[in-house]
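Have a look at the structure below before the remarks.
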Amino acid sequence: MKKWLAALMLGLLPAFALAASGDTPEVIVKNVSRDVLDVIKKNPNDPAAVRDQVGKKVEPLADYTRMTSLAVGRYWKSATPEQQQALSNEFRQMLIRTYLSALTIYKNAQVNVIGTRPGDSADEQSVRTEVSIPNQKPIPLEFYFEKAQAGWKVYDISVDGISFTVNNRNQFGAAIRQKGVDGLIKQLSDLNAAAKTNASAAK
Amino acid sequence: MRKLTLLSSTILALLLAGCATPQNNYDPLEPVNRKIFAVNMAVDRAVLKPVATAYSQHAPGPVKQATHGFFDNIDDFFSVLGNLAQGKFSDAFQSAGRVAVNTTVGMFGFVDWASDMGLKKTNEDLGQALGHWGVGSGPFLMLPFFGPSSARDLINPVSRYYLDPYAPFSDPSTAVTIFRYGMAGVSARADLLPLDPMIESQIDPYAYIRDAWLQKRYNDVWDGNPPKPLDMGGGPDDGPDDAAPGAPADKAQPAAVPDAKAPAVDAPKEAPKSESTAPATDASKPAAEPVQ
C-alpha cells in the first residue's frame, strides 16, 4: 500500500512529462500548440510572459542535449561532459530567448497538423504542421521526435525547411575552430547575458 | 550578360588562387560575400530598416495589405512560369487563375479574391525550376542590395527585370517604376523586421542568414521533401576526425575544394518529382545517431 502511494507520488512529480508520455507525437503537438496559442492570446503584448509560460510548457518535451549536439556538429564528441552540459544550457537559453520571445507575432495564428512521417528508426517520427496567419501563405513547421524513456521528446524543429539545429552548425563550428569549445560557451553566455541586461533595461 | 560572366569568372579565379577551406561547402566566395554583406547591413541600418520600420508602424493596415497583394500578384505571375517550366500544369493553371482574378477583380492584386475562391498560391520561380531539372545551386552569392542568392538563382532577379509584367505599361526609367521597386523593397523588408532580434543576437549573422537561405531554397526545390539533408559541412558525419578544439579546419571535406567549373552542387535528382507526393521516408534529417 505504502509502496503504491509512494509510486503514485513519484509519478505526480513530473506530472506534465508523465501525462505526455503516453501520447503520440501528433497528439502532443496538437495539445501543446493549442496551449501555446492560448498563452499568446492571453498575453498578446507581453513577450516576456509568453516566453516564460511557453517555456514551462515545452521544457519537459524538449531534448536539449540532443538539440545541442546536432547544433555543434562534429565537435560535440571532442567536448568534455562538463562542456557539453554548459553548451546545452547556453543553447537552451538562446533558443528560449530568441524563439519564444518572438511568439507574440503569432497571436492570430492557427496550427494545423498535416501528418507525420517516420524517421530513420521506429524510435523517431516527425510531425508536420502548417502555421497559418491571416493573409499570409502558411508556414510549414515540422517537429522531430524521438522516443525516450520518459516519452516522446522533440530534438529538432524546422521552419520552412530551415532546421534550427543545423542552422547553427557552421557558426558554432567556426567559433570552436577559432577559440575552442570554451570560447563558444563564453560567446553564447555573453550573448545570453547581454540579452538579459537589455531586456531588464527596457522594462 | 557575357561581360558579367567574364567578370564573375575572373573574380572567381582570383579568389580561388588564395582560397582557404570554406566554412560552408556552398560558399567558396565567402570573403567577398562577407564584404558585400557588411555593406548591405550598413545600408540597411542607415536607410532601409528605418524606412521599413516607419512604414510598418505608421502605414494603415489596408495600405500595407494592398501593397503586399500587389507584389504577391507579381510573384504569382512568376509562379506561373516556374510551375510551367517544371511541368506542374495544375499549379500553373491555379497560379494563372490567381493572376487573372487578382489583376482584374482584385485591382492589380490590391485585394486577394483568388484565395477566397480557393485558388491555391504556390511559390515557384525559375530558379526552383532549374533546380527541379537537376541544376545545382552553385556557389552562394550575397548580392549588393538584393541579399542572398546563388549562381543558379540569379535567374530570378534577371527574369524579374526582363519579364516584368508591368514593363509594357511603364517605362523602366520612370518615377513610377522606381517607386514600385522601392516599395517592393520596403514591403519585403517590413516582413522581415520580426526576425531582426534573432539575427542580431547570433554569433555570426552572416553565417546564420546564409545557412538559413540555403536550407530554405533546397527545401523549396524539393517542395518540402528533400531526399537527404543538405550537406553544408560541419555535420556529425562530416569528415573522419574529431578535430580537437582549436585545431585548424580539416581539409578532408569532399566538396571543400572549390572548382571554378563545378562548384558544390545539390544532389542530382534521380527520382521523378511525382515521388514527392508518396509518403516520404524521413530523409530530411541527419542520418547520424545522437552522439551521447
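Letters A, B, ... go to the chains of the C-alpha cells in the order shown; residues in each chain start at 1; ligands are counted from 1 in the same order.
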
Discussion item. Env of range 87-92 of chain A: 6 Å cut, atoms = only C-alpha atoms, seq-sep filter 6 positions within chain, self excluded. Answer as a ChimeraX atom specification.
Written reply: /A:65,68,185,189

Tell me, as a compact mmCIF listing (two decimals) with all heavy atoms, in the first residue's frame, which residues lie within 8 Å of range 154-171 of chain A, counting only C-alpha atoms; anything in the same chain fewer than 4 positions away does not count.
# COMPACT_ATOMS: atom_id res chain seq x y z
N LEU A 61 9.29 18.66 -22.84
CA LEU A 61 9.12 17.96 -24.11
C LEU A 61 10.35 18.04 -25.00
O LEU A 61 10.39 17.44 -26.07
CB LEU A 61 7.93 18.54 -24.88
CG LEU A 61 6.57 18.27 -24.26
CD1 LEU A 61 5.52 19.12 -24.93
CD2 LEU A 61 6.24 16.80 -24.39
N ALA A 62 11.34 18.80 -24.56
CA ALA A 62 12.49 19.03 -25.44
C ALA A 62 13.71 18.28 -24.95
O ALA A 62 13.98 18.23 -23.76
CB ALA A 62 12.79 20.53 -25.51
N ASP A 63 14.42 17.68 -25.89
CA ASP A 63 15.70 17.06 -25.56
C ASP A 63 16.80 18.05 -25.94
O ASP A 63 17.32 18.03 -27.06
CB ASP A 63 15.85 15.75 -26.32
CG ASP A 63 17.16 15.05 -26.01
OD1 ASP A 63 18.01 15.67 -25.34
OD2 ASP A 63 17.33 13.90 -26.42
N TYR A 64 17.13 18.93 -25.00
CA TYR A 64 18.08 19.99 -25.32
C TYR A 64 19.48 19.45 -25.58
O TYR A 64 20.25 20.04 -26.32
CB TYR A 64 18.12 21.02 -24.19
CG TYR A 64 16.90 21.91 -24.17
CD1 TYR A 64 15.97 21.84 -23.15
CD2 TYR A 64 16.70 22.83 -25.19
CE1 TYR A 64 14.85 22.66 -23.15
CE2 TYR A 64 15.59 23.65 -25.19
CZ TYR A 64 14.67 23.56 -24.17
OH TYR A 64 13.56 24.37 -24.18
N ARG A 66 20.34 16.63 -27.11
CA ARG A 66 20.49 16.19 -28.50
C ARG A 66 20.43 17.38 -29.45
O ARG A 66 21.16 17.44 -30.44
CB ARG A 66 19.42 15.18 -28.86
CG ARG A 66 19.62 14.67 -30.26
CD ARG A 66 18.92 13.39 -30.56
NE ARG A 66 19.13 13.02 -31.94
CZ ARG A 66 18.30 12.26 -32.63
NH1 ARG A 66 17.21 11.78 -32.05
NH2 ARG A 66 18.55 11.95 -33.88
N MET A 67 19.54 18.33 -29.14
CA MET A 67 19.49 19.54 -29.98
C MET A 67 20.86 20.18 -30.07
O MET A 67 21.34 20.56 -31.14
CB MET A 67 18.55 20.57 -29.36
CG MET A 67 17.10 20.36 -29.67
SD MET A 67 16.15 21.73 -28.99
CE MET A 67 14.54 20.97 -28.97
N THR A 68 21.50 20.30 -28.89
CA THR A 68 22.80 20.98 -28.87
C THR A 68 23.84 20.16 -29.62
O THR A 68 24.65 20.72 -30.35
CB THR A 68 23.24 21.21 -27.41
OG1 THR A 68 22.14 21.74 -26.68
CG2 THR A 68 24.41 22.16 -27.35
N LEU A 70 23.38 18.29 -32.14
CA LEU A 70 23.16 18.49 -33.57
C LEU A 70 23.64 19.87 -34.02
O LEU A 70 24.14 20.04 -35.13
CB LEU A 70 21.67 18.33 -33.91
CG LEU A 70 21.12 16.92 -33.85
CD1 LEU A 70 19.61 16.94 -33.99
CD2 LEU A 70 21.74 16.06 -34.93
N ALA A 71 23.46 20.84 -33.13
CA ALA A 71 23.86 22.21 -33.49
C ALA A 71 25.38 22.34 -33.51
O ALA A 71 25.93 23.07 -34.33
CB ALA A 71 23.25 23.21 -32.52
N VAL A 72 26.04 21.62 -32.60
CA VAL A 72 27.50 21.75 -32.51
C VAL A 72 28.17 20.90 -33.59
O VAL A 72 29.27 21.21 -34.05
CB VAL A 72 27.98 21.38 -31.10
CG1 VAL A 72 29.48 21.29 -31.02
CG2 VAL A 72 27.46 22.40 -30.10
N GLY A 73 27.49 19.83 -34.01
CA GLY A 73 28.02 19.04 -35.10
C GLY A 73 29.19 18.18 -34.68
O GLY A 73 29.22 17.65 -33.57
N ILE A 139 3.02 28.75 -43.09
CA ILE A 139 4.44 28.44 -42.90
C ILE A 139 4.56 26.98 -42.46
O ILE A 139 3.99 26.60 -41.44
CB ILE A 139 5.05 29.34 -41.81
CG1 ILE A 139 4.80 30.81 -42.14
CG2 ILE A 139 6.52 29.06 -41.63
CD1 ILE A 139 4.89 31.71 -40.93
N PRO A 140 5.29 26.16 -43.22
CA PRO A 140 5.47 24.77 -42.80
C PRO A 140 6.38 24.71 -41.57
O PRO A 140 7.43 25.35 -41.52
CB PRO A 140 6.17 24.11 -44.00
CG PRO A 140 6.11 25.10 -45.11
CD PRO A 140 5.95 26.45 -44.49
N LEU A 141 5.93 23.95 -40.60
CA LEU A 141 6.67 23.82 -39.35
C LEU A 141 6.68 22.33 -39.01
O LEU A 141 5.62 21.71 -38.94
CB LEU A 141 5.94 24.63 -38.27
CG LEU A 141 6.55 24.78 -36.89
CD1 LEU A 141 7.86 25.52 -36.99
CD2 LEU A 141 5.59 25.55 -35.99
N GLU A 142 7.87 21.77 -38.84
CA GLU A 142 7.96 20.33 -38.62
C GLU A 142 8.70 20.06 -37.31
O GLU A 142 9.72 20.66 -37.04
CB GLU A 142 8.69 19.67 -39.79
CG GLU A 142 8.65 18.16 -39.74
CD GLU A 142 8.91 17.52 -41.10
OE1 GLU A 142 9.00 18.26 -42.11
OE2 GLU A 142 9.02 16.28 -41.16
N PHE A 143 8.12 19.15 -36.51
CA PHE A 143 8.72 18.79 -35.22
C PHE A 143 9.28 17.39 -35.31
O PHE A 143 8.57 16.46 -35.70
CB PHE A 143 7.66 18.85 -34.10
CG PHE A 143 7.07 20.21 -33.89
CD1 PHE A 143 5.96 20.61 -34.61
CD2 PHE A 143 7.64 21.09 -32.99
CE1 PHE A 143 5.42 21.88 -34.43
CE2 PHE A 143 7.10 22.35 -32.80
CZ PHE A 143 5.99 22.74 -33.52
N TYR A 144 10.53 17.23 -34.92
CA TYR A 144 11.18 15.92 -34.99
C TYR A 144 11.23 15.31 -33.61
O TYR A 144 11.82 15.89 -32.69
CB TYR A 144 12.58 16.06 -35.58
CG TYR A 144 12.54 16.52 -37.02
CD1 TYR A 144 12.51 17.88 -37.32
CD2 TYR A 144 12.49 15.61 -38.06
CE1 TYR A 144 12.43 18.31 -38.62
CE2 TYR A 144 12.42 16.03 -39.37
CZ TYR A 144 12.39 17.39 -39.65
OH TYR A 144 12.31 17.82 -40.95
N PHE A 145 10.61 14.15 -33.47
CA PHE A 145 10.50 13.49 -32.18
C PHE A 145 11.37 12.25 -32.13
O PHE A 145 11.56 11.56 -33.13
CB PHE A 145 9.05 13.05 -31.93
CG PHE A 145 8.14 14.14 -31.48
CD1 PHE A 145 7.49 14.94 -32.39
CD2 PHE A 145 7.89 14.35 -30.12
CE1 PHE A 145 6.62 15.95 -31.98
CE2 PHE A 145 7.04 15.35 -29.70
CZ PHE A 145 6.40 16.15 -30.63
N GLU A 146 11.85 11.95 -30.92
CA GLU A 146 12.49 10.66 -30.67
C GLU A 146 11.86 10.09 -29.42
O GLU A 146 11.41 10.84 -28.54
CB GLU A 146 13.98 10.85 -30.45
CG GLU A 146 14.18 11.49 -29.09
CD GLU A 146 15.56 12.00 -28.80
OE1 GLU A 146 16.52 11.43 -29.31
OE2 GLU A 146 15.64 12.96 -28.02
N ALA A 175 33.38 29.10 -34.54
CA ALA A 175 33.76 29.64 -33.23
C ALA A 175 34.67 28.65 -32.51
O ALA A 175 35.66 29.05 -31.88
CB ALA A 175 32.51 29.92 -32.40
N GLN B 23 33.93 27.67 -45.01
CA GLN B 23 33.20 27.25 -43.83
C GLN B 23 32.00 26.41 -44.22
O GLN B 23 31.64 25.46 -43.57
CB GLN B 23 32.74 28.52 -43.11
CG GLN B 23 32.23 28.32 -41.73
CD GLN B 23 31.53 29.59 -41.27
OE1 GLN B 23 30.51 30.00 -41.79
NE2 GLN B 23 32.10 30.22 -40.27
N ASN B 24 31.40 26.81 -45.34
CA ASN B 24 30.22 26.11 -45.85
C ASN B 24 30.56 25.60 -47.24
O ASN B 24 31.14 26.32 -48.05
CB ASN B 24 29.05 27.10 -45.91
CG ASN B 24 27.77 26.46 -46.39
OD1 ASN B 24 27.75 25.77 -47.41
ND2 ASN B 24 26.70 26.70 -45.66
N ILE B 203 26.03 34.69 -33.11
CA ILE B 203 27.47 34.87 -33.08
C ILE B 203 27.94 35.42 -34.42
O ILE B 203 28.80 36.28 -34.51
CB ILE B 203 28.17 33.51 -32.83
CG1 ILE B 203 27.82 32.97 -31.45
CG2 ILE B 203 29.67 33.65 -32.99
CD1 ILE B 203 28.44 31.62 -31.20
N ASP B 204 27.36 34.88 -35.48
CA ASP B 204 27.78 35.22 -36.83
C ASP B 204 26.55 35.38 -37.72
O ASP B 204 26.13 34.43 -38.37
CB ASP B 204 28.71 34.10 -37.35
CG ASP B 204 29.26 34.42 -38.73
OD1 ASP B 204 28.83 35.41 -39.34
OD2 ASP B 204 30.14 33.66 -39.19
N ALA B 207 26.71 33.97 -41.34
CA ALA B 207 26.61 32.51 -41.49
C ALA B 207 25.19 32.04 -41.23
O ALA B 207 24.69 31.14 -41.90
CB ALA B 207 27.58 31.82 -40.53
N TYR B 208 24.54 32.68 -40.29
CA TYR B 208 23.18 32.28 -39.93
C TYR B 208 22.21 32.53 -41.10
O TYR B 208 21.42 31.66 -41.46
CB TYR B 208 22.74 33.07 -38.70
CG TYR B 208 21.60 32.43 -37.95
CD1 TYR B 208 21.83 31.35 -37.10
CD2 TYR B 208 20.31 32.91 -38.09
CE1 TYR B 208 20.78 30.77 -36.42
CE2 TYR B 208 19.26 32.34 -37.40
CZ TYR B 208 19.51 31.26 -36.55
OH TYR B 208 18.47 30.69 -35.88
N ASP B 211 23.11 30.11 -44.12
CA ASP B 211 22.72 28.72 -43.96
C ASP B 211 21.20 28.56 -43.95
O ASP B 211 20.67 27.57 -44.45
CB ASP B 211 23.34 28.13 -42.68
CG ASP B 211 24.85 27.99 -42.81
OD1 ASP B 211 25.40 28.45 -43.82
OD2 ASP B 211 25.49 27.42 -41.90
N ALA B 212 20.50 29.57 -43.42
CA ALA B 212 19.04 29.52 -43.45
C ALA B 212 18.55 29.63 -44.89
O ALA B 212 17.68 28.88 -45.34
CB ALA B 212 18.44 30.64 -42.60
N TRP B 213 19.15 30.53 -45.64
CA TRP B 213 18.72 30.73 -47.02
C TRP B 213 18.97 29.47 -47.85
O TRP B 213 18.11 29.03 -48.62
CB TRP B 213 19.44 31.94 -47.63
CG TRP B 213 18.90 32.32 -48.96
CD1 TRP B 213 17.85 33.14 -49.22
CD2 TRP B 213 19.35 31.83 -50.23
NE1 TRP B 213 17.63 33.19 -50.58
CE2 TRP B 213 18.53 32.41 -51.21
CE3 TRP B 213 20.37 30.96 -50.63
CZ2 TRP B 213 18.69 32.15 -52.57
CZ3 TRP B 213 20.54 30.70 -51.98
CH2 TRP B 213 19.70 31.30 -52.94
N GLN B 215 19.24 26.37 -46.84
CA GLN B 215 18.33 25.29 -46.45
C GLN B 215 16.93 25.53 -47.01
O GLN B 215 16.26 24.60 -47.46
CB GLN B 215 18.22 25.18 -44.92
CG GLN B 215 19.43 24.58 -44.24
CD GLN B 215 19.12 24.29 -42.78
OE1 GLN B 215 18.39 23.36 -42.45
NE2 GLN B 215 19.66 25.09 -41.89
N LYS B 216 16.51 26.79 -46.96
CA LYS B 216 15.16 27.07 -47.45
C LYS B 216 15.05 26.84 -48.95
O LYS B 216 14.09 26.23 -49.42
CB LYS B 216 14.76 28.52 -47.12
CG LYS B 216 13.37 28.81 -47.64
CD LYS B 216 12.87 30.17 -47.28
CE LYS B 216 11.78 30.62 -48.24
NZ LYS B 216 10.84 29.56 -48.63
N TYR B 218 16.86 24.89 -50.82
CA TYR B 218 16.96 23.46 -51.08
C TYR B 218 15.60 22.80 -50.82
O TYR B 218 15.12 21.98 -51.61
CB TYR B 218 18.03 22.88 -50.16
CG TYR B 218 18.26 21.40 -50.28
CD1 TYR B 218 18.79 20.85 -51.44
CD2 TYR B 218 17.97 20.55 -49.22
CE1 TYR B 218 19.01 19.49 -51.55
CE2 TYR B 218 18.20 19.19 -49.31
CZ TYR B 218 18.72 18.67 -50.48
OH TYR B 218 18.95 17.32 -50.57
N ASN B 219 14.97 23.20 -49.73
CA ASN B 219 13.66 22.67 -49.39
C ASN B 219 12.61 23.09 -50.43
O ASN B 219 11.73 22.31 -50.79
CB ASN B 219 13.27 23.21 -48.00
CG ASN B 219 12.07 22.51 -47.42
OD1 ASN B 219 12.08 21.30 -47.26
ND2 ASN B 219 11.03 23.26 -47.12
N ASP B 220 12.72 24.31 -50.93
CA ASP B 220 11.78 24.79 -51.94
C ASP B 220 11.89 23.98 -53.23
O ASP B 220 10.89 23.61 -53.83
CB ASP B 220 12.05 26.27 -52.28
CG ASP B 220 11.57 27.20 -51.20
OD1 ASP B 220 10.82 26.74 -50.32
OD2 ASP B 220 11.96 28.39 -51.22
N GLY B 224 9.53 20.64 -50.20
CA GLY B 224 9.34 20.20 -48.81
C GLY B 224 9.72 18.77 -48.53
O GLY B 224 9.61 18.33 -47.40
N MET B 232 25.95 21.06 -45.72
CA MET B 232 26.65 22.35 -45.78
C MET B 232 28.00 22.28 -45.08
O MET B 232 28.69 23.28 -44.95
CB MET B 232 25.78 23.44 -45.14
CG MET B 232 24.45 23.61 -45.84
SD MET B 232 23.52 25.01 -45.20
CE MET B 232 23.18 24.46 -43.54
N GLY B 233 28.38 21.09 -44.61
CA GLY B 233 29.64 20.96 -43.89
C GLY B 233 29.42 21.11 -42.41
O GLY B 233 28.45 21.71 -41.97
N GLY B 234 30.33 20.53 -41.63
CA GLY B 234 30.25 20.71 -40.18
C GLY B 234 29.33 19.75 -39.49
O GLY B 234 29.15 19.84 -38.29
N GLY B 235 28.74 18.82 -40.24
CA GLY B 235 27.80 17.90 -39.62
C GLY B 235 28.49 16.81 -38.84
O GLY B 235 29.70 16.65 -38.92

Worksheet item: Please, what distance in Å, to one decimal, runs between CA of Val32 in chain A and CA of Asp123 in chain A?
Response: 20.5 Å

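Nearest residue to Asp191 in chain B among B:Lys120, B:Phe37, B:Ala52, B:Leu126 is B:Ala52, counting only C-alpha atoms.
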
Fill in: Sel. of strand (DSSP E or B) residues, range 39-203 of chain A, as a PyMOL selection string
chain A and resi 62+110-118+124-132+139-148+151-159+162-163

Item to complete: Show which residues sit within 6 Å of range 109-119 of chain B, as an NGL selection string. Count only C-alpha atoms, and ignore same-chain residues fewer than 2 positions away.
Response: :B and (66 or 69-70 or 73 or 94 or 98 or 101-103 or 106-107)

Discussion item. Report, in Å to a single decimal, how far apart CA of Asn112 in chain A and CA of Val127 in chain A are.
Written reply: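 About the pair CA of Val127 in chain A and CA of Asn112 in chain A: they are 10.5 Å apart.
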